[in-house]
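Q: File name work_39.tsv; file contents TSV, C-alpha atoms (C1' of nucleotides); full text below.
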```tsv
chain	number	residue	atom	x	y	z
A	1	MET	CA	44.02	-20.07	26.12
A	2	GLY	CA	42.21	-21.67	23.23
A	3	VAL	CA	44.85	-22.68	20.77
A	4	ILE	CA	42.97	-24.08	17.81
A	5	ARG	CA	43.71	-27.74	17.29
A	6	LYS	CA	44.25	-29.30	13.91
A	7	THR	CA	41.45	-31.78	14.01
A	8	LYS	CA	39.88	-33.63	11.11
A	9	SER	CA	36.84	-31.37	11.11
A	10	VAL	CA	39.00	-28.26	10.97
A	11	GLU	CA	40.97	-29.69	8.09
A	12	ALA	CA	37.84	-30.73	6.25
A	13	LEU	CA	36.26	-27.31	6.57
A	14	LEU	CA	39.38	-25.44	5.58
A	15	ASN	CA	39.60	-27.73	2.60
A	16	GLU	CA	36.09	-26.77	1.55
A	17	PHE	CA	36.95	-23.10	1.64
A	18	ASN	CA	40.16	-23.67	-0.25
A	19	GLN	CA	38.29	-25.08	-3.21
A	20	GLY	CA	37.55	-21.55	-4.30
A	21	GLN	CA	36.82	-18.05	-3.19
A	22	GLU	CA	33.08	-18.46	-2.85
A	23	ALA	CA	31.21	-18.13	0.40
A	24	ILE	CA	29.58	-21.24	1.81
A	25	SER	CA	26.58	-21.35	4.09
A	26	ALA	CA	26.64	-23.28	7.34
A	27	LYS	CA	23.63	-25.14	6.05
A	28	GLN	CA	25.42	-26.26	2.94
A	29	LEU	CA	28.48	-27.39	4.86
A	30	ILE	CA	26.32	-29.42	7.20
A	31	GLU	CA	24.60	-31.16	4.31
A	32	GLN	CA	27.86	-31.70	2.50
A	33	LEU	CA	29.75	-33.13	5.46
A	34	ASP	CA	26.80	-34.82	7.07
A	35	SER	CA	28.28	-38.31	6.86
A	36	LYS	CA	31.55	-37.25	8.43
A	37	PHE	CA	30.73	-34.73	11.13
A	38	ASN	CA	27.95	-33.78	13.44
A	39	LYS	CA	26.28	-30.47	12.72
A	40	THR	CA	27.15	-29.22	16.19
A	41	THR	CA	30.80	-29.77	15.41
A	42	ILE	CA	30.53	-27.86	12.17
A	43	TYR	CA	28.87	-24.90	13.82
A	44	ARG	CA	31.54	-24.88	16.50
A	45	VAL	CA	34.47	-25.17	14.13
A	46	LEU	CA	33.06	-22.34	12.04
A	47	ASP	CA	32.80	-20.23	15.19
A	48	ARG	CA	36.38	-20.98	16.06
A	49	LEU	CA	37.69	-20.25	12.60
A	50	GLU	CA	35.87	-16.96	12.64
A	51	GLU	CA	37.24	-16.03	16.04
A	52	ASP	CA	40.70	-16.79	14.78
A	53	GLY	CA	40.27	-14.52	11.79
A	54	VAL	CA	40.42	-17.31	9.25
A	55	LEU	CA	36.83	-16.89	8.16
A	56	HIS	CA	34.30	-14.12	8.39
A	57	SER	CA	30.56	-14.51	8.46
A	58	PHE	CA	27.52	-12.59	7.31
A	59	LEU	CA	23.85	-13.18	6.68
A	60	GLY	CA	22.45	-13.94	3.25
A	61	LYS	CA	19.15	-12.75	1.91
A	62	ASP	CA	17.18	-15.40	3.79
A	63	GLY	CA	18.91	-14.83	7.08
A	64	LEU	CA	21.13	-17.88	6.68
A	65	LYS	CA	24.67	-17.64	7.92
A	66	TRP	CA	27.40	-17.64	5.30
A	67	TYR	CA	31.13	-17.92	5.74
A	68	ALA	CA	34.01	-16.87	3.53
A	69	LYS	CA	37.76	-16.69	3.78
A	70	CYS	CA	39.24	-13.58	5.25
A	71	ASN	CA	41.85	-11.43	3.64
A	72	GLY	CA	43.89	-9.46	6.07
A	73	CYS	CA	41.89	-10.25	9.17
A	74	SER	CA	43.36	-11.23	12.51
A	75	ALA	CA	41.84	-12.74	15.58
A	76	SER	CA	41.70	-9.33	17.17
A	77	LYS	CA	40.23	-7.43	14.29
A	78	HIS	CA	38.17	-8.25	11.30
A	79	LYS	CA	39.22	-5.76	8.69
A	80	ASP	CA	37.03	-7.27	6.05
A	81	VAL	CA	34.30	-4.74	5.52
A	82	HIS	CA	33.14	-5.25	2.00
A	83	PRO	CA	29.88	-5.93	0.22
A	84	HIS	CA	28.67	-9.46	-0.40
A	85	PHE	CA	26.89	-10.57	-3.51
A	86	GLN	CA	24.19	-13.20	-3.77
A	87	CYS	CA	23.11	-14.41	-7.16
A	88	LEU	CA	19.34	-14.61	-7.48
A	89	LYS	CA	19.56	-17.27	-10.17
A	90	CYS	CA	22.19	-19.79	-9.11
A	91	GLY	CA	22.38	-18.84	-5.45
A	92	LYS	CA	26.13	-18.34	-5.40
A	93	VAL	CA	27.44	-15.97	-2.78
A	94	ASP	CA	30.79	-14.24	-2.77
A	95	CYS	CA	32.70	-11.24	-1.54
A	96	LEU	CA	33.08	-8.13	-3.62
A	97	SER	CA	36.44	-6.49	-3.41
A	98	ILE	CA	35.10	-3.06	-3.98
A	99	ASN	CA	35.22	-0.25	-1.54
A	100	MET	CA	31.91	1.14	-0.40
A	101	PRO	CA	32.31	4.20	1.73
A	102	ILE	CA	29.63	4.62	4.35
A	103	PRO	CA	28.53	8.20	4.41
A	104	HIS	CA	28.75	10.05	7.67
A	105	ILE	CA	25.38	10.21	9.37
A	106	PRO	CA	24.71	13.32	11.43
A	107	ASN	CA	24.50	12.70	15.18
A	108	ARG	CA	25.09	8.98	14.91
A	109	LYS	CA	28.14	6.81	15.25
A	110	VAL	CA	28.65	4.20	12.59
A	111	GLU	CA	30.42	1.09	13.82
A	112	VAL	CA	29.61	-1.71	11.40
A	113	SER	CA	27.91	-1.96	8.09
A	114	GLN	CA	26.62	-4.94	6.19
A	115	ILE	CA	25.96	-4.66	2.53
A	116	LEU	CA	24.29	-7.43	0.59
A	117	ILE	CA	23.85	-6.93	-3.11
A	118	GLN	CA	21.59	-9.26	-5.03
A	119	GLY	CA	21.37	-9.79	-8.73
A	120	LEU	CA	22.99	-11.92	-11.40
A	121	CYS	CA	26.56	-13.14	-11.08
A	122	GLU	CA	29.09	-13.32	-13.90
A	123	GLN	CA	28.00	-16.80	-14.91
A	124	CYS	CA	24.29	-16.05	-14.86
A	125	PHE	CA	24.42	-12.58	-16.40
A	126	VAL	CA	24.64	-13.54	-20.06
B	1	MET	CA	-8.55	-9.75	-6.26
B	2	GLY	CA	-7.42	-9.53	-2.71
B	3	VAL	CA	-8.76	-6.25	-1.46
B	4	ILE	CA	-7.31	-5.86	2.00
B	5	ARG	CA	-10.01	-5.86	4.63
B	6	LYS	CA	-10.05	-3.43	7.51
B	7	THR	CA	-9.95	-5.93	10.28
B	8	LYS	CA	-9.06	-5.30	13.88
B	9	SER	CA	-5.64	-6.81	13.45
B	10	VAL	CA	-4.88	-4.60	10.46
B	11	GLU	CA	-5.98	-1.54	12.38
B	12	ALA	CA	-3.95	-2.53	15.41
B	13	LEU	CA	-0.81	-3.07	13.38
B	14	LEU	CA	-1.18	0.14	11.40
B	15	ASN	CA	-1.68	1.91	14.67
B	16	GLU	CA	1.61	0.54	15.97
B	17	PHE	CA	3.47	1.84	12.96
B	18	ASN	CA	1.76	5.21	13.20
B	19	GLN	CA	3.16	5.76	16.66
B	20	GLY	CA	6.40	6.84	15.06
B	21	GLN	CA	8.76	6.31	12.22
B	22	GLU	CA	10.74	3.50	13.77
B	23	ALA	CA	10.90	0.02	12.37
B	24	ILE	CA	9.31	-2.76	14.44
B	25	SER	CA	10.27	-6.41	14.35
B	26	ALA	CA	7.70	-9.12	13.84
B	27	LYS	CA	8.88	-10.61	17.10
B	28	GLN	CA	8.20	-7.42	19.00
B	29	LEU	CA	4.76	-7.00	17.47
B	30	ILE	CA	3.87	-10.55	18.42
B	31	GLU	CA	4.93	-10.00	22.01
B	32	GLN	CA	3.20	-6.66	22.18
B	33	LEU	CA	-0.11	-7.84	20.75
B	34	ASP	CA	0.01	-11.33	22.18
B	35	SER	CA	-3.17	-10.95	24.22
B	36	LYS	CA	-5.15	-9.66	21.27
B	37	PHE	CA	-3.99	-11.61	18.24
B	38	ASN	CA	-2.48	-14.89	17.30
B	39	LYS	CA	1.07	-14.77	15.99
B	40	THR	CA	0.00	-16.40	12.75
B	41	THR	CA	-2.39	-13.55	12.18
B	42	ILE	CA	0.30	-11.00	12.78
B	43	TYR	CA	2.70	-12.63	10.36
B	44	ARG	CA	-0.03	-12.78	7.74
B	45	VAL	CA	-1.17	-9.20	8.19
B	46	LEU	CA	2.42	-8.02	7.91
B	47	ASP	CA	2.75	-9.99	4.68
B	48	ARG	CA	-0.36	-8.39	3.30
B	49	LEU	CA	0.62	-4.89	4.28
B	50	GLU	CA	3.96	-5.42	2.61
B	51	GLU	CA	2.38	-6.74	-0.56
B	52	ASP	CA	0.15	-3.71	-0.64
B	53	GLY	CA	3.10	-1.37	-0.37
B	54	VAL	CA	2.14	-0.05	3.04
B	55	LEU	CA	5.12	-1.56	4.79
B	56	HIS	CA	8.48	-2.80	3.67
B	57	SER	CA	10.59	-5.41	5.37
B	58	PHE	CA	14.25	-6.18	5.85
B	59	LEU	CA	16.46	-8.29	8.08
B	60	GLY	CA	18.17	-6.92	11.16
B	61	LYS	CA	21.58	-7.90	12.39
B	62	ASP	CA	20.37	-11.14	13.96
B	63	GLY	CA	18.35	-12.22	10.98
B	64	LEU	CA	15.07	-11.11	12.52
B	65	LYS	CA	12.49	-9.60	10.22
B	66	TRP	CA	11.76	-5.93	10.67
B	67	TYR	CA	9.03	-3.82	9.16
B	68	ALA	CA	8.73	-0.11	8.57
B	69	LYS	CA	6.36	2.24	6.83
B	70	CYS	CA	6.92	2.85	3.18
B	71	ASN	CA	7.27	6.20	1.55
B	72	GLY	CA	6.36	6.25	-2.07
B	73	CYS	CA	5.93	2.52	-2.51
B	74	SER	CA	3.05	0.92	-4.33
B	75	ALA	CA	1.81	-2.63	-4.45
B	76	SER	CA	3.53	-3.07	-7.78
B	77	LYS	CA	6.86	-1.59	-6.88
B	78	HIS	CA	8.78	-1.04	-3.74
B	79	LYS	CA	10.81	2.04	-4.39
B	80	ASP	CA	12.22	2.15	-0.93
B	81	VAL	CA	15.86	1.30	-1.37
B	82	HIS	CA	17.59	2.94	1.49
B	83	PRO	CA	19.91	1.89	4.27
B	84	HIS	CA	18.59	0.79	7.64
B	85	PHE	CA	20.20	1.58	10.93
B	86	GLN	CA	20.28	-0.60	14.02
B	87	CYS	CA	21.47	0.88	17.28
B	88	LEU	CA	23.86	-1.42	19.10
B	89	LYS	CA	23.00	0.08	22.45
B	90	CYS	CA	19.24	0.52	22.60
B	91	GLY	CA	18.33	-1.79	19.75
B	92	LYS	CA	16.26	0.75	17.88
B	93	VAL	CA	15.98	0.27	14.13
B	94	ASP	CA	14.99	2.85	11.59
B	95	CYS	CA	15.27	3.88	7.99
B	96	LEU	CA	17.91	6.31	6.84
B	97	SER	CA	16.75	8.74	4.23
B	98	ILE	CA	20.11	9.00	2.64
B	99	ASN	CA	20.94	7.94	-0.84
B	100	MET	CA	23.52	5.23	-1.21
B	101	PRO	CA	24.48	4.64	-4.78
B	102	ILE	CA	25.39	1.06	-5.55
B	103	PRO	CA	28.47	1.05	-7.72
B	104	HIS	CA	28.29	-0.71	-11.00
B	105	ILE	CA	29.89	-4.14	-10.82
B	106	PRO	CA	31.55	-5.38	-13.98
B	107	ASN	CA	29.81	-8.34	-15.60
B	108	ARG	CA	27.08	-8.54	-13.01
B	109	LYS	CA	23.56	-7.23	-12.83
B	110	VAL	CA	22.56	-5.57	-9.62
B	111	GLU	CA	18.89	-5.94	-8.78
B	112	VAL	CA	18.50	-5.36	-5.07
B	113	SER	CA	20.73	-4.18	-2.32
B	114	GLN	CA	20.32	-4.33	1.41
B	115	ILE	CA	22.37	-2.09	3.57
B	116	LEU	CA	22.35	-2.38	7.32
B	117	ILE	CA	24.40	0.08	9.29
B	118	GLN	CA	25.04	-0.55	12.95
B	119	GLY	CA	26.26	1.86	15.56
B	120	LEU	CA	24.83	4.38	17.97
B	121	CYS	CA	21.62	6.25	17.28
B	122	GLU	CA	20.99	9.91	18.01
B	123	GLN	CA	19.76	9.17	21.51
B	124	CYS	CA	22.59	6.84	22.43
B	125	PHE	CA	25.41	8.78	20.79
B	126	VAL	CA	26.09	11.31	23.50
C	1	DA	C1'	53.34	-42.79	28.89
C	2	DA	C1'	50.72	-39.66	31.67
C	3	DT	C1'	48.16	-35.56	31.91
C	4	DA	C1'	45.31	-31.57	30.96
C	5	DT	C1'	41.93	-29.83	28.35
C	6	DA	C1'	40.19	-28.84	23.64
C	7	DA	C1'	37.08	-30.93	20.67
C	8	DT	C1'	33.42	-34.26	19.40
C	9	DG	C1'	28.85	-36.68	19.11
C	10	DC	C1'	24.48	-37.19	20.62
C	11	DA	C1'	20.11	-35.95	22.10
C	12	DA	C1'	17.32	-32.65	23.58
C	13	DC	C1'	16.17	-28.04	23.16
C	14	DT	C1'	15.08	-23.01	21.41
C	15	DA	C1'	12.89	-19.76	18.67
C	16	DA	C1'	11.34	-17.55	14.41
C	17	DG	C1'	8.51	-18.41	11.14
C	18	DT	C1'	5.08	-21.55	8.30
C	19	DT	C1'	1.08	-24.57	7.11
C	20	DG	C1'	-3.55	-26.80	7.07
C	21	DC	C1'	-7.99	-26.39	8.23
C	22	DG	C1'	-12.34	-25.52	10.33
C	23	DA	C1'	-14.59	-21.41	12.26
C	24	DT	C1'	-15.54	-16.46	11.92
C	25	DA	C1'	-16.11	-11.93	10.21
C	26	DA	C1'	-15.96	-8.22	6.20
C	27	DC	C1'	-18.22	-6.55	2.72
C	28	DA	C1'	-20.96	-6.31	-1.39
C	29	DA	C1'	-25.23	-7.55	-3.51
C	30	DA	C1'	-30.01	-8.56	-3.14
D	1	DT	C1'	-31.42	-6.34	6.71
D	2	DT	C1'	-30.45	-10.49	5.27
D	3	DT	C1'	-27.69	-13.40	2.55
D	4	DG	C1'	-23.72	-15.25	0.24
D	5	DT	C1'	-18.98	-15.16	-0.91
D	6	DT	C1'	-14.54	-15.40	0.54
D	7	DA	C1'	-10.91	-13.05	3.04
D	8	DT	C1'	-9.26	-13.51	7.49
D	9	DC	C1'	-8.60	-15.64	12.00
D	10	DG	C1'	-7.18	-18.91	15.68
D	11	DC	C1'	-5.33	-23.03	16.91
D	12	DA	C1'	-2.29	-26.73	16.88
D	13	DA	C1'	1.07	-28.93	14.74
D	14	DC	C1'	5.07	-28.45	12.10
D	15	DT	C1'	9.71	-26.82	10.01
D	16	DT	C1'	14.28	-25.52	10.35
D	17	DA	C1'	18.58	-23.02	11.59
D	18	DG	C1'	21.04	-22.85	15.24
D	19	DT	C1'	22.24	-23.80	20.49
D	20	DT	C1'	23.23	-26.26	24.93
D	21	DG	C1'	24.67	-29.84	28.35
D	22	DC	C1'	27.24	-33.56	29.12
D	23	DA	C1'	29.73	-37.71	28.83
D	24	DT	C1'	33.36	-39.42	25.71
D	25	DT	C1'	37.40	-38.95	22.72
D	26	DA	C1'	41.37	-36.94	20.73
D	27	DT	C1'	45.16	-33.49	20.61
D	28	DA	C1'	49.13	-31.60	22.19
D	29	DT	C1'	52.25	-30.81	26.07
D	30	DT	C1'	55.49	-32.55	29.79
```
Could you show the structure in this file as structure tokens?
A:
Amino acid sequence: MGVIRKTKSVEALLNEFNQGQEAISAKQLIEQLDSKFNKTTIYRVLDRLEEDGVLHSFLGKDGLKWYAKCNGCSASKHKDVHPHFQCLKCGKVDCLSINMPIPHIPNRKVEVSQILIQGLCEQCFV
Amino acid sequence: MGVIRKTKSVEALLNEFNQGQEAISAKQLIEQLDSKFNKTTIYRVLDRLEEDGVLHSFLGKDGLKWYAKCNGCSASKHKDVHPHFQCLKCGKVDCLSINMPIPHIPNRKVEVSQILIQGLCEQCFV
DNA sequence: AATATAATGCAACTAAGTTGCGATAACAAA
DNA sequence: TTTGTTATCGCAACTTAGTTGCATTATATT
């Protein structure tokens, strides 16, 4: 079932993410690749890449969906549980490779946690 | 400027939040009060209550906007920086009164942080 | 080359949230 | 109480990120 095919859109998107380590929003990818691919295609390829553990996704401060490369994820399990950082000046979003332990909460079961930190990135924090 | 008026919609919304400590999504409030108020009104009243430091808002796991009562906020400063919890079974969302220190990140300035923890709430975690 | 089916493009749709504007209602001052 | 100012409301139309259905095309397998 569902072997991912090496199509032009897949290549193009992977290429975008291989330009750097930054996260890229679906919106930005659609604008960027507008002349080459339909937005539906882009959404679907992103879905597939996420399912396959190539990318992971999260929501930025405005509720937009962002994607970034995975490190150590597989199709069966996304191990990437790290904070994301969104720069309030330049808008850049990336993954932070720091460990943020989620405290145990009495009488509840913690399954996932999303942490979005906002502030000034290295370039903007002079 | 801008003294908030005690209108019926303001009263109705405050009343909803005084039913308990849970967070309520804008969507839910609109559905709930649909017969009494226009959705535009509800969005605007929520905005005003947030500006006045009565409510604070955050995004849930699907990017929907949620509101909850503030504790110790003022119009000038929202002091409420705490994690929020969304139950994956019953959907309930609330504020956690635990302190989560944001680690210092080298060469960046941290200004805000949003933490959303998902799992099972007290009622659903049997 | 033939086949099966994954992937694409297009158009139409969904849903949360926003905007403009004329009408209405709070509230303070007379 | 009445009046005047202006905050607030309701409505309709809009915006925008993301989704869906379906006919067509491309990929990979035999």
Q: Between chain D and chain A, at 10 Å or less, what are the per-residue closest atom pairs and their distances in Å? Count all atoms listed in the file, order by chain and rising residue number, and return it as CSV.
A:
```
residue,atom,partner,partner_atom,distance
D:DA17,C1',A:Leu64,CA,7.6
D:DG18,C1',A:Tyr43,CA,8.2
D:DT19,C1',A:Thr40,CA,8.5
D:DA26,C1',A:Thr7,CA,8.5
D:DT27,C1',A:Arg5,CA,6.8
D:DA28,C1',A:Arg5,CA,8.3
```
Q: Which residues of chain D come within 9 Å of segment 4-24 of chain C, and for each one, what is the closest pair of atoms and their distance in Å to one decimal, counting all atoms listed in the file, sorted by chain and residue number, as a Markdown table?
A:
```
| residue | atom | partner | partner_atom | distance |
| --- | --- | --- | --- | --- |
| D:DT8 | C1' | C:DT24 | C1' | 8.2 |
| D:DC9 | C1' | C:DT24 | C1' | 7.0 |
| D:DG10 | C1' | C:DA23 | C1' | 8.5 |
| D:DA13 | C1' | C:DT19 | C1' | 8.8 |
| D:DC14 | C1' | C:DT19 | C1' | 7.5 |
| D:DT15 | C1' | C:DT18 | C1' | 7.2 |
| D:DG18 | C1' | C:DT14 | C1' | 8.6 |
| D:DT19 | C1' | C:DT14 | C1' | 7.3 |
| D:DT20 | C1' | C:DC13 | C1' | 7.5 |
| D:DT24 | C1' | C:DT8 | C1' | 8.2 |
| D:DT25 | C1' | C:DT8 | C1' | 7.0 |
| D:DA26 | C1' | C:DA7 | C1' | 7.4 |
| D:DT27 | C1' | C:DA6 | C1' | 7.5 |
| D:DT29 | C1' | C:DA4 | C1' | 8.5 |
```
Q: If we count all atoms listed in the file, which residues of chain A reach to within 7 Å of chain B? Please list them as a ChimeraX atom specification.
A: /A:63,107-122,125
Q: Hey, what's within 10 Å of Val45 of chain B if we count only C-alpha atoms (C1' of nucleotides) and toss same-chain stuff fewer than 2 positions away? As a list in words, please?
A: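 Close residues of Val45 of chain B: Ile4, Thr7, Ser9, Val10, Glu11, Leu13, Leu14, Lys39, Thr40, Thr41, Ile42, Tyr43, Asp47, Arg48, Leu49, Glu50 and Glu51 of chain B; DT8 of chain D.
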Q: Could you tell me how far atom CA of Ala23 of chain A sits from atom CA of Asp94 of chain A, in Å to one decimal place?
A: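 So the answer is 5.0 Å.
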Q: Report, in Å to a single decimal, how far apart atom CA of Val54 of chain B and atom CA of His82 of chain B are.
A: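 Value for the atom CA of His82 of chain B-atom CA of Val54 of chain B distance: 15.8 Å.
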Q: For each of B:Gln19, B:Gln32, B:Ser25, B:Asn71, take the minimum atom-to-atom distance to chain C, counting all atoms listed in the file, then give the residue where this is smallest.
A: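 When distances to chain C are compared using all atoms listed in the file, the smallest one comes from B:Ser25.
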Q: Any idea what the distance is between atom CA of Val81 of chain B and atom CA of Ser97 of chain A?
A: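 Atom CA of Val81 of chain B sits 22.1 Å away from atom CA of Ser97 of chain A.
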